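Trainee: Following this line is my_file.json, made up of JSON, C-alpha atoms:
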[["chain", "number", "residue", "atom", "x", "y", "z"],
["A", 1202, "MET", "CA", -105.83, -84.03, -39.36],
["A", 1203, "GLY", "CA", -104.38, -85.97, -36.50],
["A", 1204, "ALA", "CA", -105.03, -89.42, -37.90],
["A", 1205, "HIS", "CA", -101.28, -89.96, -37.94],
["A", 1206, "LEU", "CA", -101.13, -89.16, -34.23],
["A", 1207, "VAL", "CA", -103.81, -91.73, -33.49],
["A", 1208, "ARG", "CA", -101.86, -94.23, -35.57],
["A", 1209, "LYS", "CA", -98.59, -93.33, -33.89],
["A", 1210, "TYR", "CA", -99.76, -93.49, -30.30],
["A", 1211, "ALA", "CA", -102.74, -95.85, -30.38],
["A", 1212, "THR", "CA", -103.34, -98.16, -33.34],
["A", 1213, "GLU", "CA", -100.08, -98.72, -35.30],
["A", 1214, "THR", "CA", -97.39, -97.69, -32.85],
["A", 1215, "ASP", "CA", -94.67, -99.87, -34.36],
["A", 1216, "THR", "CA", -94.99, -98.91, -38.02],
["A", 1217, "GLU", "CA", -95.88, -95.23, -37.99],
["A", 1218, "PRO", "CA", -92.70, -93.28, -38.93],
["A", 1219, "ASP", "CA", -91.18, -90.77, -36.52],
["A", 1220, "PRO", "CA", -89.95, -87.66, -38.38],
["A", 1221, "ALA", "CA", -87.40, -87.00, -35.66],
["A", 1222, "LYS", "CA", -85.61, -90.22, -36.52],
["A", 1223, "LYS", "CA", -83.84, -91.05, -39.76],
["A", 1224, "PHE", "CA", -85.91, -92.94, -42.32],
["A", 1225, "GLU", "CA", -84.53, -96.39, -42.81],
["A", 1226, "PHE", "CA", -85.38, -97.35, -46.38],
["A", 1227, "ASP", "CA", -83.10, -96.90, -49.36],
["A", 1228, "PRO", "CA", -84.27, -93.88, -51.41],
["A", 1229, "GLN", "CA", -84.06, -95.89, -54.64],
["A", 1230, "PHE", "CA", -86.09, -98.81, -53.30],
["A", 1231, "GLY", "CA", -89.24, -99.26, -55.36],
["A", 1232, "PHE", "CA", -88.22, -96.80, -58.06],
["A", 1233, "ALA", "CA", -86.76, -97.67, -61.45],
["A", 1234, "GLU", "CA", -84.70, -94.52, -61.33],
["A", 1235, "ARG", "CA", -85.10, -91.33, -59.35],
["A", 1236, "LYS", "CA", -84.27, -87.86, -60.51],
["A", 1237, "GLU", "CA", -82.03, -85.90, -58.16],
["A", 1238, "ARG", "CA", -83.31, -82.59, -56.83],
["A", 1239, "GLU", "CA", -81.74, -79.71, -58.60],
["A", 1240, "MET", "CA", -80.26, -76.81, -56.68],
["A", 1241, "ILE", "CA", -80.25, -73.68, -58.83],
["A", 1242, "ALA", "CA", -78.96, -70.93, -56.57],
["A", 1243, "THR", "CA", -75.22, -71.29, -55.86],
["A", 1244, "GLN", "CA", -73.60, -71.17, -52.45],
["A", 1245, "GLU", "CA", -71.86, -67.95, -53.42],
["A", 1246, "GLN", "CA", -75.12, -66.28, -54.38],
["A", 1247, "MET", "CA", -76.76, -67.33, -51.13],
["A", 1248, "ASN", "CA", -73.78, -66.08, -49.16],
["A", 1249, "LEU", "CA", -73.85, -62.70, -50.89],
["A", 1250, "ALA", "CA", -77.56, -62.36, -50.16],
["A", 1251, "GLN", "CA", -76.88, -63.35, -46.51],
["A", 1252, "LEU", "CA", -79.77, -65.79, -46.46],
["A", 1253, "PRO", "CA", -80.46, -67.39, -43.08],
["A", 1254, "LEU", "CA", -79.77, -71.12, -43.02],
["A", 1255, "GLU", "CA", -83.45, -72.14, -42.92],
["A", 1256, "GLN", "CA", -84.05, -70.35, -46.21],
["A", 1257, "ARG", "CA", -81.15, -71.97, -48.09],
["A", 1258, "ASP", "CA", -83.30, -74.77, -49.46],
["A", 1259, "TYR", "CA", -84.17, -75.92, -52.96],
["A", 1260, "CYS", "CA", -86.40, -72.84, -53.52],
["A", 1261, "ALA", "CA", -83.69, -70.30, -52.75],
["A", 1262, "HIS", "CA", -83.45, -69.12, -56.36],
["A", 1263, "TYR", "CA", -87.07, -67.91, -56.23],
["A", 1264, "LEU", "CA", -86.41, -66.21, -52.94],
["A", 1265, "LEU", "CA", -83.40, -64.41, -54.36],
["A", 1266, "LYS", "CA", -85.53, -63.23, -57.30],
["A", 1267, "LEU", "CA", -88.16, -61.99, -54.86],
["A", 1268, "MET", "CA", -85.63, -60.15, -52.74],
["A", 1269, "LYS", "CA", -84.21, -58.43, -55.82],
["A", 1270, "CYS", "CA", -87.70, -57.44, -56.97],
["A", 1271, "LYS", "CA", -88.55, -56.00, -53.56],
["A", 1272, "ARG", "CA", -85.32, -54.07, -53.36],
["A", 1273, "ASP", "CA", -85.82, -52.67, -56.85],
["A", 1274, "ASN", "CA", -89.44, -51.65, -56.28],
["A", 1275, "TRP", "CA", -89.29, -50.22, -52.77],
["A", 1276, "PRO", "CA", -91.45, -48.43, -51.46],
["A", 1277, "ASN", "CA", -94.08, -50.08, -53.64],
["A", 1278, "PHE", "CA", -94.71, -53.08, -51.41],
["A", 1279, "LEU", "CA", -97.45, -54.37, -53.74],
["A", 1280, "ALA", "CA", -95.14, -54.78, -56.69],
["A", 1281, "CYS", "CA", -93.74, -58.30, -56.31],
["A", 1282, "LYS", "CA", -96.85, -60.46, -56.22],
["A", 1283, "HIS", "CA", -95.75, -62.67, -59.09],
["A", 1284, "GLU", "CA", -92.31, -63.38, -57.62],
["A", 1285, "ARG", "CA", -93.81, -64.02, -54.20],
["A", 1286, "HIS", "CA", -96.29, -66.43, -55.70],
["A", 1287, "ASP", "CA", -93.52, -68.28, -57.52],
["A", 1288, "TRP", "CA", -91.55, -68.69, -54.29],
["A", 1289, "ASP", "CA", -94.64, -69.73, -52.35],
["A", 1290, "TYR", "CA", -95.57, -72.29, -54.97],
["A", 1291, "CYS", "CA", -92.08, -73.76, -54.92],
["A", 1292, "GLU", "CA", -92.23, -74.02, -51.11],
["A", 1293, "HIS", "CA", -95.66, -75.61, -51.38],
["A", 1294, "GLN", "CA", -94.37, -78.24, -53.79],
["A", 1295, "ASP", "CA", -91.47, -78.88, -51.43],
["A", 1296, "TYR", "CA", -93.94, -79.42, -48.58],
["A", 1297, "VAL", "CA", -96.02, -81.79, -50.70],
["A", 1298, "MET", "CA", -92.85, -83.76, -51.44],
["A", 1299, "ARG", "CA", -92.20, -83.99, -47.72],
["A", 1300, "MET", "CA", -95.71, -85.33, -47.17],
["A", 1301, "LYS", "CA", -95.16, -87.88, -49.93],
["A", 1302, "GLU", "CA", -91.84, -88.97, -48.39],
["A", 1303, "TYR", "CA", -93.55, -89.52, -45.05],
["A", 1304, "GLU", "CA", -96.31, -91.54, -46.68],
["A", 1305, "ARG", "CA", -93.78, -93.61, -48.63],
["A", 1306, "GLU", "CA", -91.95, -94.44, -45.42],
["A", 1307, "ARG", "CA", -95.20, -95.36, -43.71],
["A", 1308, "ARG", "CA", -96.28, -97.71, -46.51],
["A", 1309, "LEU", "CA", -92.87, -99.34, -46.66],
["A", 1310, "GLN", "CA", -93.01, -99.94, -42.90],
["A", 1311, "LEU", "CA", -96.45, -101.53, -43.23],
["A", 1312, "ARG", "CA", -95.20, -103.67, -46.13],
["A", 1313, "LYS", "CA", -92.20, -104.74, -44.10],
["A", 1314, "LYS", "CA", -94.48, -105.74, -41.25],
["A", 1315, "ARG", "CA", -96.70, -107.69, -43.62],
["A", 1316, "THR", "CA", -93.80, -109.60, -45.18],
["A", 1317, "GLU", "CA", -92.40, -110.40, -41.74],
["A", 1318, "ALA", "CA", -95.80, -111.69, -40.63],
["A", 1319, "GLN", "CA", -96.02, -113.86, -43.73],
["A", 1320, "ALA", "CA", -92.54, -115.18, -43.19],
["A", 1321, "GLN", "CA", -93.53, -115.99, -39.59],
["A", 1322, "ALA", "CA", -96.72, -117.70, -40.65],
["A", 1323, "ALA", "CA", -94.91, -119.72, -43.31],
["B", 1389, "MET", "CA", -54.39, -41.16, 33.51],
["B", 1390, "ARG", "CA", -55.62, -42.20, 30.14],
["B", 1391, "THR", "CA", -54.48, -39.86, 27.50],
["B", 1392, "SER", "CA", -54.79, -42.27, 24.61],
["B", 1393, "GLU", "CA", -56.49, -45.43, 23.40],
["B", 1394, "TYR", "CA", -55.13, -48.80, 24.46],
["B", 1395, "VAL", "CA", -51.62, -48.76, 23.01],
["B", 1396, "LYS", "CA", -49.59, -51.90, 22.37],
["B", 1397, "GLN", "CA", -46.67, -50.40, 20.55],
["B", 1398, "GLN", "CA", -46.03, -46.68, 20.75],
["B", 1399, "GLN", "CA", -48.49, -45.69, 17.99],
["B", 1400, "PRO", "CA", -49.52, -42.07, 17.40],
["B", 1401, "VAL", "CA", -53.11, -41.38, 18.48],
["B", 1402, "ASN", "CA", -55.73, -38.93, 17.18],
["B", 1403, "MET", "CA", -56.60, -36.72, 20.18],
["B", 1404, "ALA", "CA", -59.75, -35.47, 18.42],
["B", 1405, "GLY", "CA", -60.90, -39.08, 18.09],
["B", 1406, "VAL", "CA", -60.37, -39.62, 21.80],
["B", 1407, "GLY", "CA", -62.37, -36.52, 22.65],
["B", 1408, "PHE", "CA", -65.24, -37.65, 20.42],
["B", 1409, "ARG", "CA", -65.29, -41.05, 22.07],
["B", 1410, "ARG", "CA", -65.53, -39.53, 25.58],
["B", 1411, "TRP", "CA", -68.36, -37.24, 24.51],
["B", 1412, "ALA", "CA", -70.30, -40.15, 22.96],
["B", 1413, "GLN", "CA", -69.85, -42.18, 26.14],
["B", 1414, "ALA", "CA", -71.18, -39.31, 28.25],
["B", 1415, "LEU", "CA", -74.19, -39.01, 25.94],
["B", 1416, "SER", "CA", -75.05, -42.69, 26.10],
["B", 1417, "LYS", "CA", -74.92, -42.57, 29.91],
["B", 1418, "GLY", "CA", -77.04, -39.40, 30.05],
["B", 1419, "LYS", "CA", -80.85, -39.54, 29.70],
["B", 1420, "GLY", "CA", -81.19, -37.19, 26.78],
["B", 1421, "SER", "CA", -83.87, -36.60, 24.12],
["B", 1422, "GLY", "CA", -83.76, -34.34, 21.08],
["B", 1423, "ILE", "CA", -81.22, -31.82, 19.91],
["B", 1424, "SER", "CA", -80.85, -30.32, 23.38],
["B", 1425, "ALA", "CA", -79.58, -33.65, 24.63],
["B", 1426, "LEU", "CA", -76.96, -33.91, 21.89],
["B", 1427, "LEU", "CA", -75.62, -30.51, 22.78],
["B", 1428, "SER", "CA", -75.89, -30.39, 26.54],
["B", 1429, "GLY", "CA", -76.40, -34.00, 27.67],
["B", 1430, "CYS", "CA", -79.67, -33.34, 29.59],
["B", 1431, "ARG", "CA", -83.34, -33.66, 28.69],
["B", 1432, "ALA", "CA", -85.71, -30.92, 27.51],
["B", 1433, "ALA", "CA", -89.01, -30.36, 29.28],
["B", 1434, "SER", "CA", -90.90, -30.68, 25.99],
["B", 1435, "GLY", "CA", -90.21, -34.41, 25.72],
["B", 1436, "LEU", "CA", -92.14, -37.22, 27.38],
["B", 1437, "SER", "CA", -91.87, -37.37, 31.13],
["B", 1438, "LYS", "CA", -90.28, -40.39, 32.71],
["B", 1439, "ASP", "CA", -93.54, -41.86, 33.96],
["B", 1440, "SER", "CA", -95.24, -41.86, 30.56],
["B", 1441, "LEU", "CA", -92.48, -43.89, 28.92],
["B", 1442, "PRO", "CA", -92.60, -47.71, 28.91],
["B", 1443, "GLY", "CA", -91.14, -49.27, 32.00],
["B", 1444, "PRO", "CA", -90.19, -52.66, 33.44],
["B", 1445, "TYR", "CA", -92.51, -55.66, 33.53],
["B", 1446, "PRO", "CA", -95.32, -55.11, 36.12],
["B", 1447, "LYS", "CA", -95.18, -57.68, 38.90],
["B", 1448, "THR", "CA", -97.81, -56.54, 41.41],
["B", 1449, "PRO", "CA", -101.48, -55.78, 40.65],
["B", 1450, "GLU", "CA", -100.86, -52.13, 41.52],
["B", 1451, "GLU", "CA", -98.09, -51.97, 38.96],
["B", 1452, "ARG", "CA", -100.42, -53.56, 36.42],
["B", 1453, "ALA", "CA", -103.12, -51.00, 37.13],
["B", 1454, "ALA", "CA", -100.63, -48.16, 36.84],
["B", 1455, "ALA", "CA", -99.31, -49.53, 33.57],
["B", 1456, "ALA", "CA", -102.85, -49.94, 32.17],
["B", 1457, "LYS", "CA", -103.63, -46.33, 33.10],
["B", 1458, "LYS", "CA", -100.39, -45.20, 31.51],
["B", 1459, "TYR", "CA", -101.32, -46.85, 28.23],
["B", 1460, "ASN", "CA", -104.93, -45.60, 28.34],
["B", 1461, "MET", "CA", -106.34, -49.11, 28.67],
["B", 1462, "ARG", "CA", -108.82, -50.79, 31.00],
["B", 1463, "VAL", "CA", -107.20, -53.01, 33.62],
["B", 1464, "GLU", "CA", -109.23, -55.97, 32.31],
["B", 1465, "ASP", "CA", -107.90, -55.43, 28.77],
["B", 1466, "TYR", "CA", -104.29, -54.82, 29.75],
["B", 1467, "GLU", "CA", -102.01, -57.80, 29.09],
["B", 1468, "PRO", "CA", -98.25, -57.30, 28.97],
["B", 1469, "TYR", "CA", -95.91, -59.43, 26.88],
["B", 1470, "PRO", "CA", -94.49, -62.44, 28.76],
["B", 1471, "ASP", "CA", -91.42, -61.59, 30.78],
["B", 1472, "ASN", "CA", -88.91, -63.90, 29.09],
["B", 1473, "GLY", "CA", -85.97, -61.63, 28.47],
["B", 1474, "GLU", "CA", -87.11, -60.31, 25.07],
["B", 1475, "GLY", "CA", -87.20, -56.77, 26.41],
["B", 1476, "PHE", "CA", -90.86, -55.75, 25.99],
["B", 1477, "GLY", "CA", -91.16, -54.52, 29.56],
["B", 1478, "ASP", "CA", -94.69, -53.48, 30.43],
["B", 1479, "TYR", "CA", -95.74, -52.72, 26.88],
["B", 1480, "PRO", "CA", -99.26, -54.10, 26.22],
["B", 1481, "LYS", "CA", -99.78, -57.12, 24.03],
["B", 1482, "LEU", "CA", -102.49, -56.05, 21.58],
["B", 1483, "PRO", "CA", -104.18, -58.43, 19.10],
["B", 1484, "GLU", "CA", -102.11, -59.15, 16.01],
["B", 1485, "ARG", "CA", -104.55, -57.57, 13.60],
["B", 1486, "SER", "CA", -103.75, -55.13, 10.82],
["B", 1487, "GLN", "CA", -105.39, -51.72, 10.47],
["B", 1488, "GLN", "CA", -107.05, -52.94, 7.26],
["B", 1489, "GLU", "CA", -109.37, -55.10, 9.38],
["B", 1490, "ARG", "CA", -110.81, -52.10, 11.22],
["B", 1491, "ASP", "CA", -114.15, -50.58, 10.25],
["B", 1492, "PRO", "CA", -113.65, -48.39, 7.18],
["B", 1493, "TRP", "CA", -116.86, -46.45, 7.79],
["B", 1494, "TYR", "CA", -116.28, -45.39, 11.39],
["B", 1495, "GLN", "CA", -115.09, -41.79, 11.81],
["B", 1496, "TRP", "CA", -111.57, -42.38, 13.05],
["B", 1497, "ASP", "CA", -109.51, -39.45, 14.27],
["B", 1498, "HIS", "CA", -106.81, -40.52, 11.83],
["B", 1499, "PRO", "CA", -108.77, -42.05, 8.93],
["B", 1500, "ASP", "CA", -105.73, -43.34, 7.04],
["B", 1501, "LEU", "CA", -104.32, -45.06, 10.10],
["B", 1502, "ARG", "CA", -107.83, -46.08, 11.31],
["B", 1503, "ARG", "CA", -106.85, -45.07, 14.81],
["B", 1504, "ASN", "CA", -108.22, -42.68, 17.42],
["B", 1505, "TRP", "CA", -106.14, -40.21, 19.41],
["B", 1506, "GLY", "CA", -104.71, -41.70, 22.59],
["B", 1507, "GLU", "CA", -105.34, -45.29, 21.54],
["B", 1508, "PRO", "CA", -102.59, -47.69, 22.60],
["B", 1509, "MET", "CA", -100.39, -48.49, 19.61],
["B", 1510, "HIS", "CA", -99.42, -52.00, 18.69],
["B", 1511, "TRP", "CA", -95.74, -52.91, 19.05],
["B", 1512, "ASP", "CA", -95.64, -53.58, 15.29],
["B", 1513, "PHE", "CA", -97.92, -50.69, 14.39],
["B", 1514, "ASP", "CA", -95.68, -49.58, 11.53],
["B", 1515, "MET", "CA", -95.95, -53.05, 10.05],
["B", 1516, "TYR", "CA", -99.73, -53.21, 10.35],
["B", 1517, "ILE", "CA", -100.55, -49.99, 8.50],
["B", 1518, "ARG", "CA", -102.76, -50.38, 5.47],
["B", 1519, "ASN", "CA", -99.90, -50.11, 3.02],
["B", 1520, "ARG", "CA", -98.08, -53.06, 4.55],
["B", 1521, "VAL", "CA", -98.92, -56.34, 6.23],
["B", 1522, "ASP", "CA", -102.62, -57.20, 6.12],
["B", 1523, "THR", "CA", -104.20, -59.87, 8.32],
["B", 1524, "SER", "CA", -107.75, -59.57, 6.94],
["B", 1525, "PRO", "CA", -109.41, -62.89, 6.11],
["B", 1526, "SER", "CA", -109.30, -64.12, 2.53],
["B", 1527, "PRO", "CA", -112.66, -64.03, 0.64],
["B", 1528, "VAL", "CA", -112.51, -67.77, 0.01],
["B", 1529, "PRO", "CA", -111.14, -70.26, 2.56],
["B", 1530, "TRP", "CA", -107.35, -70.56, 2.42],
["B", 1531, "SER", "CA", -107.51, -74.29, 1.76],
["B", 1532, "THR", "CA", -109.78, -73.74, -1.25],
["B", 1533, "MET", "CA", -107.44, -71.16, -2.69],
["B", 1534, "CYS", "CA", -104.43, -73.40, -2.20],
["B", 1535, "LYS", "CA", -106.19, -76.36, -3.77],
["B", 1536, "GLN", "CA", -107.27, -74.34, -6.79],
["B", 1537, "LEU", "CA", -103.88, -72.77, -7.40],
["B", 1538, "PHE", "CA", -101.78, -75.87, -6.92],
["B", 1539, "GLY", "CA", -104.35, -78.00, -8.68],
["B", 1540, "PHE", "CA", -104.10, -75.79, -11.73],
["B", 1541, "ILE", "CA", -100.31, -75.63, -11.66],
["B", 1542, "GLY", "CA", -100.07, -79.37, -11.16],
["B", 1543, "PHE", "CA", -102.46, -80.03, -14.01],
["B", 1544, "MET", "CA", -100.51, -77.75, -16.35],
["B", 1545, "LEU", "CA", -97.21, -79.41, -15.42],
["B", 1546, "PHE", "CA", -98.76, -82.81, -15.99],
["B", 1547, "MET", "CA", -100.05, -81.79, -19.42],
["B", 1548, "PHE", "CA", -96.67, -80.36, -20.39],
["B", 1549, "TYR", "CA", -95.09, -83.65, -19.39],
["B", 1550, "VAL", "CA", -97.63, -85.57, -21.48],
["B", 1551, "GLY", "CA", -96.87, -83.22, -24.38],
["B", 1552, "GLU", "CA", -93.19, -84.05, -24.09],
["B", 1553, "LYS", "CA", -93.87, -87.79, -24.00],
["B", 1554, "PHE", "CA", -96.36, -87.77, -26.91],
["B", 1555, "PRO", "CA", -95.51, -84.78, -29.07],
["B", 1556, "ALA", "CA", -97.84, -83.62, -31.81],
["B", 1557, "TYR", "CA", -96.16, -83.29, -35.19],
["B", 1558, "GLN", "CA", -97.10, -82.87, -38.82],
["B", 1559, "PRO", "CA", -96.99, -86.06, -40.94],
["B", 1560, "VAL", "CA", -94.12, -84.78, -43.09],
["B", 1561, "ALA", "CA", -90.55, -85.90, -43.56],
["B", 1562, "PRO", "CA", -87.83, -83.48, -42.41],
["B", 1563, "LYS", "CA", -86.99, -80.61, -44.74],
["B", 1564, "GLN", "CA", -84.28, -81.35, -47.27],
["B", 1565, "TYR", "CA", -81.35, -79.00, -47.74],
["B", 1566, "PRO", "CA", -78.80, -78.91, -50.56],
["B", 1567, "PHE", "CA", -74.99, -79.11, -50.49],
["B", 1568, "ASN", "CA", -74.82, -82.13, -48.18],
["B", 1569, "ASP", "CA", -77.29, -80.67, -45.70],
["B", 1570, "LEU", "CA", -75.48, -77.29, -45.78],
["B", 1571, "TYR", "CA", -72.28, -78.85, -44.50],
["B", 1572, "LEU", "CA", -70.10, -75.78, -45.09],
["B", 1573, "GLU", "CA", -72.76, -73.27, -44.09],
["B", 1574, "LYS", "CA", -73.20, -74.98, -40.73],
["B", 1575, "GLY", "CA", -69.51, -74.55, -39.99],
["B", 1576, "GLY", "CA", -68.15, -77.84, -41.30],
["B", 1577, "ASP", "CA", -64.41, -78.14, -41.93],
["B", 1578, "PRO", "CA", -63.68, -77.15, -45.56],
["B", 1579, "GLU", "CA", -60.59, -79.40, -45.65],
["B", 1580, "LYS", "CA", -62.52, -82.50, -44.67],
["B", 1581, "GLN", "CA", -64.73, -84.31, -47.14],
["B", 1582, "ALA", "CA", -68.38, -84.07, -46.16],
["B", 1583, "GLU", "CA", -70.47, -87.24, -46.16],
["B", 1584, "GLU", "CA", -72.56, -87.36, -49.32],
["B", 1585, "VAL", "CA", -76.26, -86.61, -48.81],
["B", 1586, "LYS", "CA", -78.43, -86.88, -51.90],
["B", 1587, "HIS", "CA", -82.03, -85.80, -52.19],
["B", 1588, "TYR", "CA", -84.44, -86.98, -54.84],
["B", 1589, "GLU", "CA", -87.69, -85.76, -56.25],
["B", 1590, "ILE", "CA", -90.82, -87.72, -55.46]]
Re-express the file's structure as structure tokens.

Mentor:
Amino acid sequence: MGAHLVRKYATETDTEPDPAKKFEFDPQFGFAERKEREMIATQEQMNLAQLPLEQRDYCAHYLLKLMKCKRDNWPNFLACKHERHDWDYCEHQDYVMRMKEYERERRLQLRKKRTEAQAQAA
Amino acid sequence: MRTSEYVKQQQPVNMAGVGFRRWAQALSKGKGSGISALLSGCRAASGLSKDSLPGPYPKTPEERAAAAKKYNMRVEDYEPYPDNGEGFGDYPKLPERSQQERDPWYQWDHPDLRRNWGEPMHWDFDMYIRNRVDTSPSPVPWSTMCKQLFGFIGFMLFMFYVGEKFPAYQPVAPKQYPFNDLYLEKGGDPEKQAEEVKHYEI
């Protein structure tokens, strides 16, 4: 909690990635092959449901299921626990992927620095 | 003989307007007070007499004594405003202190105004009532209050600046969105080809 801030501003200021800037490494670098993320809800479905832009991510199909469940079960606001959990779990996995992407970028930056240092020393 | 206003070209003139003007001029020249003055142009006996009204700046000691007596003050206390054309006349210059500073426990004749009957009134008395301007001393020295307030504000501004320079963020990559980062949803041109953005699992 905050170790990345110490790294960014104090100890490793040149290698710590900045999420505001674009990450510079090729997505395929270091992987044999990478599976593309699959978008299940269509643009038309999201438009019909009038989802705000922030919610039109890769978990939108769970959100659409949840919205349908809530609409069908109103006023029983305790009815859609399973659907809500599914959506929450999908969002959680998305967040974990984001954390992993950040860490990948950080390690690649450190590796780049190491190789440059070796090339300098050589 | 003036039967009309100043006429350049032969313009028609409102005779009622002329009559009103003459009456207003007569009023301003007359020494009237109250409704009786508006109607008849002379003063009623119920108003203040001429010698109890403020007068011109007192030049001789006798005039000063008379003015002090008029305002119910001791001659030693009486001090008129300086005679520099501002138009105060012989009105006394009382200390610039608000009514809030006066003793709240003394039995004033007018408790809300904190004033006794017959007391000379300050020129700006209506400003110095307790609902308005207050000259009472601050509980803490003014300099201390200023230092504390501006010190706090300055510190907060400095910290906000530091927060802009070194923002705190979560160690996560930006969120990924489908359909080329929602190109069409964000208002992109449907005719143009969007730049391909692919996202992968990790």

Trainee: Define the interface residues of chain B facing chain A as those within 9 Å, counting all atoms listed in the file, and report them as a PDB file with C-alpha atoms, in the coordinates of the input.

Mentor:
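Everything below was put into result.pdb:
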ATOM      1  CA  PHE B1554     -96.360 -87.770 -26.910  1.00  0.00           C
ATOM      2  CA  PRO B1555     -95.510 -84.780 -29.070  1.00  0.00           C
ATOM      3  CA  ALA B1556     -97.840 -83.620 -31.810  1.00  0.00           C
ATOM      4  CA  TYR B1557     -96.160 -83.290 -35.190  1.00  0.00           C
ATOM      5  CA  GLN B1558     -97.100 -82.870 -38.820  1.00  0.00           C
ATOM      6  CA  PRO B1559     -96.990 -86.060 -40.940  1.00  0.00           C
ATOM      7  CA  VAL B1560     -94.120 -84.780 -43.090  1.00  0.00           C
ATOM      8  CA  ALA B1561     -90.550 -85.900 -43.560  1.00  0.00           C
ATOM      9  CA  PRO B1562     -87.830 -83.480 -42.410  1.00  0.00           C
ATOM     10  CA  LYS B1563     -86.990 -80.610 -44.740  1.00  0.00           C
ATOM     11  CA  GLN B1564     -84.280 -81.350 -47.270  1.00  0.00           C
ATOM     12  CA  TYR B1565     -81.350 -79.000 -47.740  1.00  0.00           C
ATOM     13  CA  PRO B1566     -78.800 -78.910 -50.560  1.00  0.00           C
ATOM     14  CA  PHE B1567     -74.990 -79.110 -50.490  1.00  0.00           C
ATOM     15  CA  LEU B1570     -75.480 -77.290 -45.780  1.00  0.00           C
ATOM     16  CA  GLU B1573     -72.760 -73.270 -44.090  1.00  0.00           C
ATOM     17  CA  LYS B1574     -73.200 -74.980 -40.730  1.00  0.00           C
ATOM     18  CA  LYS B1586     -78.430 -86.880 -51.900  1.00  0.00           C
ATOM     19  CA  HIS B1587     -82.030 -85.800 -52.190  1.00  0.00           C
ATOM     20  CA  TYR B1588     -84.440 -86.980 -54.840  1.00  0.00           C
ATOM     21  CA  GLU B1589     -87.690 -85.760 -56.250  1.00  0.00           C
ATOM     22  CA  ILE B1590     -90.820 -87.720 -55.460  1.00  0.00           C
TER      23      ILE B1590
END

Trainee: Give me, please, the distance in Å between atom CA of Glu1284 of chain A and atom CA of Lys1266 of chain A, quoted to one decimal.

Mentor: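 If I compute the distance from atom CA of Glu1284 of chain A to atom CA of Lys1266 of chain A, I get 6.8 Å.
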
Trainee: May I ask for the distance between atom CA of Asp1569 of chain B and atom CA of Glu1552 of chain B, given in Å to one decimal place?

Mentor: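 Between atom CA of Asp1569 of chain B and atom CA of Glu1552 of chain B the gap works out to 27.0 Å.
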
Trainee: Which one is closest to Arg1520 of chain B: B:Thr1448, B:Gly1506, B:Lys1457, B:Gln1487? Count all atoms listed in the file.

Mentor: B:Gln1487

Trainee: Which polymer residues have any atom within 12 Å of an atom of Asp1497 of chain B, counting all atoms listed in the file, with same-chain residues fewer than 6 positions away left out, as a list in words?

Mentor: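 Selected residues are Arg1503, Asn1504, Trp1505, Gly1506 and Glu1507 of chain B.
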
Trainee: Go ahead and compute the interatomic distance for atom CA of Trp1530 of chain B and atom CA of His1510 of chain B, in Å to one decimal.

Mentor: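 Computing it gives 25.9 Å between the two atoms.
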
Trainee: Between A:Leu1267, A:Ala1318, A:Gln1294, A:Met1247, which residue has the minimum interatomic distance to Lys1282 of chain A, considering all atoms listed in the file?

Mentor: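 Of all the options, A:Leu1267 lies closest to Lys1282 of chain A.
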
Trainee: Write out as an NGL selection string each polymer residue whose atoms come within 12 Å of Cys1270 of chain A, counting only C-alpha atoms; drop sequence neighbours fewer than 3 positions from it.

Mentor: :A and (1263-1267 or 1273-1285)

Trainee: Using all atoms listed in the file, find the one residue out of A:Ala1261, A:Ala1233, A:Lys1271, A:Leu1252 that sits nearest to Asp1289 of chain A.

Mentor: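 Among A:Ala1261, A:Ala1233, A:Lys1271, A:Leu1252, it is A:Ala1261 that comes nearest to Asp1289 of chain A.
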
Trainee: From the options B:Arg1462, B:Asn1472, B:Pro1525, B:Trp1511, which residue's atoms come nearest to Glu1489 of chain B, counting all atoms listed in the file?

Mentor: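 Using all atoms listed in the file, the shortest distance to Glu1489 of chain B belongs to B:Pro1525.
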
Trainee: Between B:Tyr1479, B:Tyr1466, B:Tyr1494, B:Tyr1459, which has the minimum distance to Pro1444 of chain B (counting only C-alpha atoms)?

Mentor: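 When distances to Pro1444 of chain B are compared using only C-alpha atoms, the smallest one comes from B:Tyr1479.
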
Trainee: Please provide the set of residues having any atom within 12 Å of segment 1451-1456 of chain B, restricted to all atoms listed in the file, with same-chain residues fewer than 6 positions apart removed, written as a short mmCIF file (atom, residue, chain, number, x, y, z; two decimals) with C-alpha atoms, in the coordinates of the input.

Mentor:
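Wrote result26.cif, looks like this:
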data_model
loop_
_atom_site.label_atom_id
_atom_site.label_comp_id
_atom_site.auth_asym_id
_atom_site.auth_seq_id
_atom_site.Cartn_x
_atom_site.Cartn_y
_atom_site.Cartn_z
CA ASP B 1439 -93.54 -41.86 33.96
CA SER B 1440 -95.24 -41.86 30.56
CA LEU B 1441 -92.48 -43.89 28.92
CA PRO B 1442 -92.60 -47.71 28.91
CA GLY B 1443 -91.14 -49.27 32.00
CA PRO B 1444 -90.19 -52.66 33.44
CA TYR B 1445 -92.51 -55.66 33.53
CA ARG B 1462 -108.82 -50.79 31.00
CA VAL B 1463 -107.20 -53.01 33.62
CA GLU B 1464 -109.23 -55.97 32.31
CA ASP B 1465 -107.90 -55.43 28.77
CA TYR B 1466 -104.29 -54.82 29.75
CA GLU B 1467 -102.01 -57.80 29.09
CA PRO B 1468 -98.25 -57.30 28.97
CA GLY B 1477 -91.16 -54.52 29.56
CA ASP B 1478 -94.69 -53.48 30.43
CA TYR B 1479 -95.74 -52.72 26.88
CA PRO B 1480 -99.26 -54.10 26.22
CA LYS B 1481 -99.78 -57.12 24.03
CA GLU B 1507 -105.34 -45.29 21.54
CA PRO B 1508 -102.59 -47.69 22.60
#
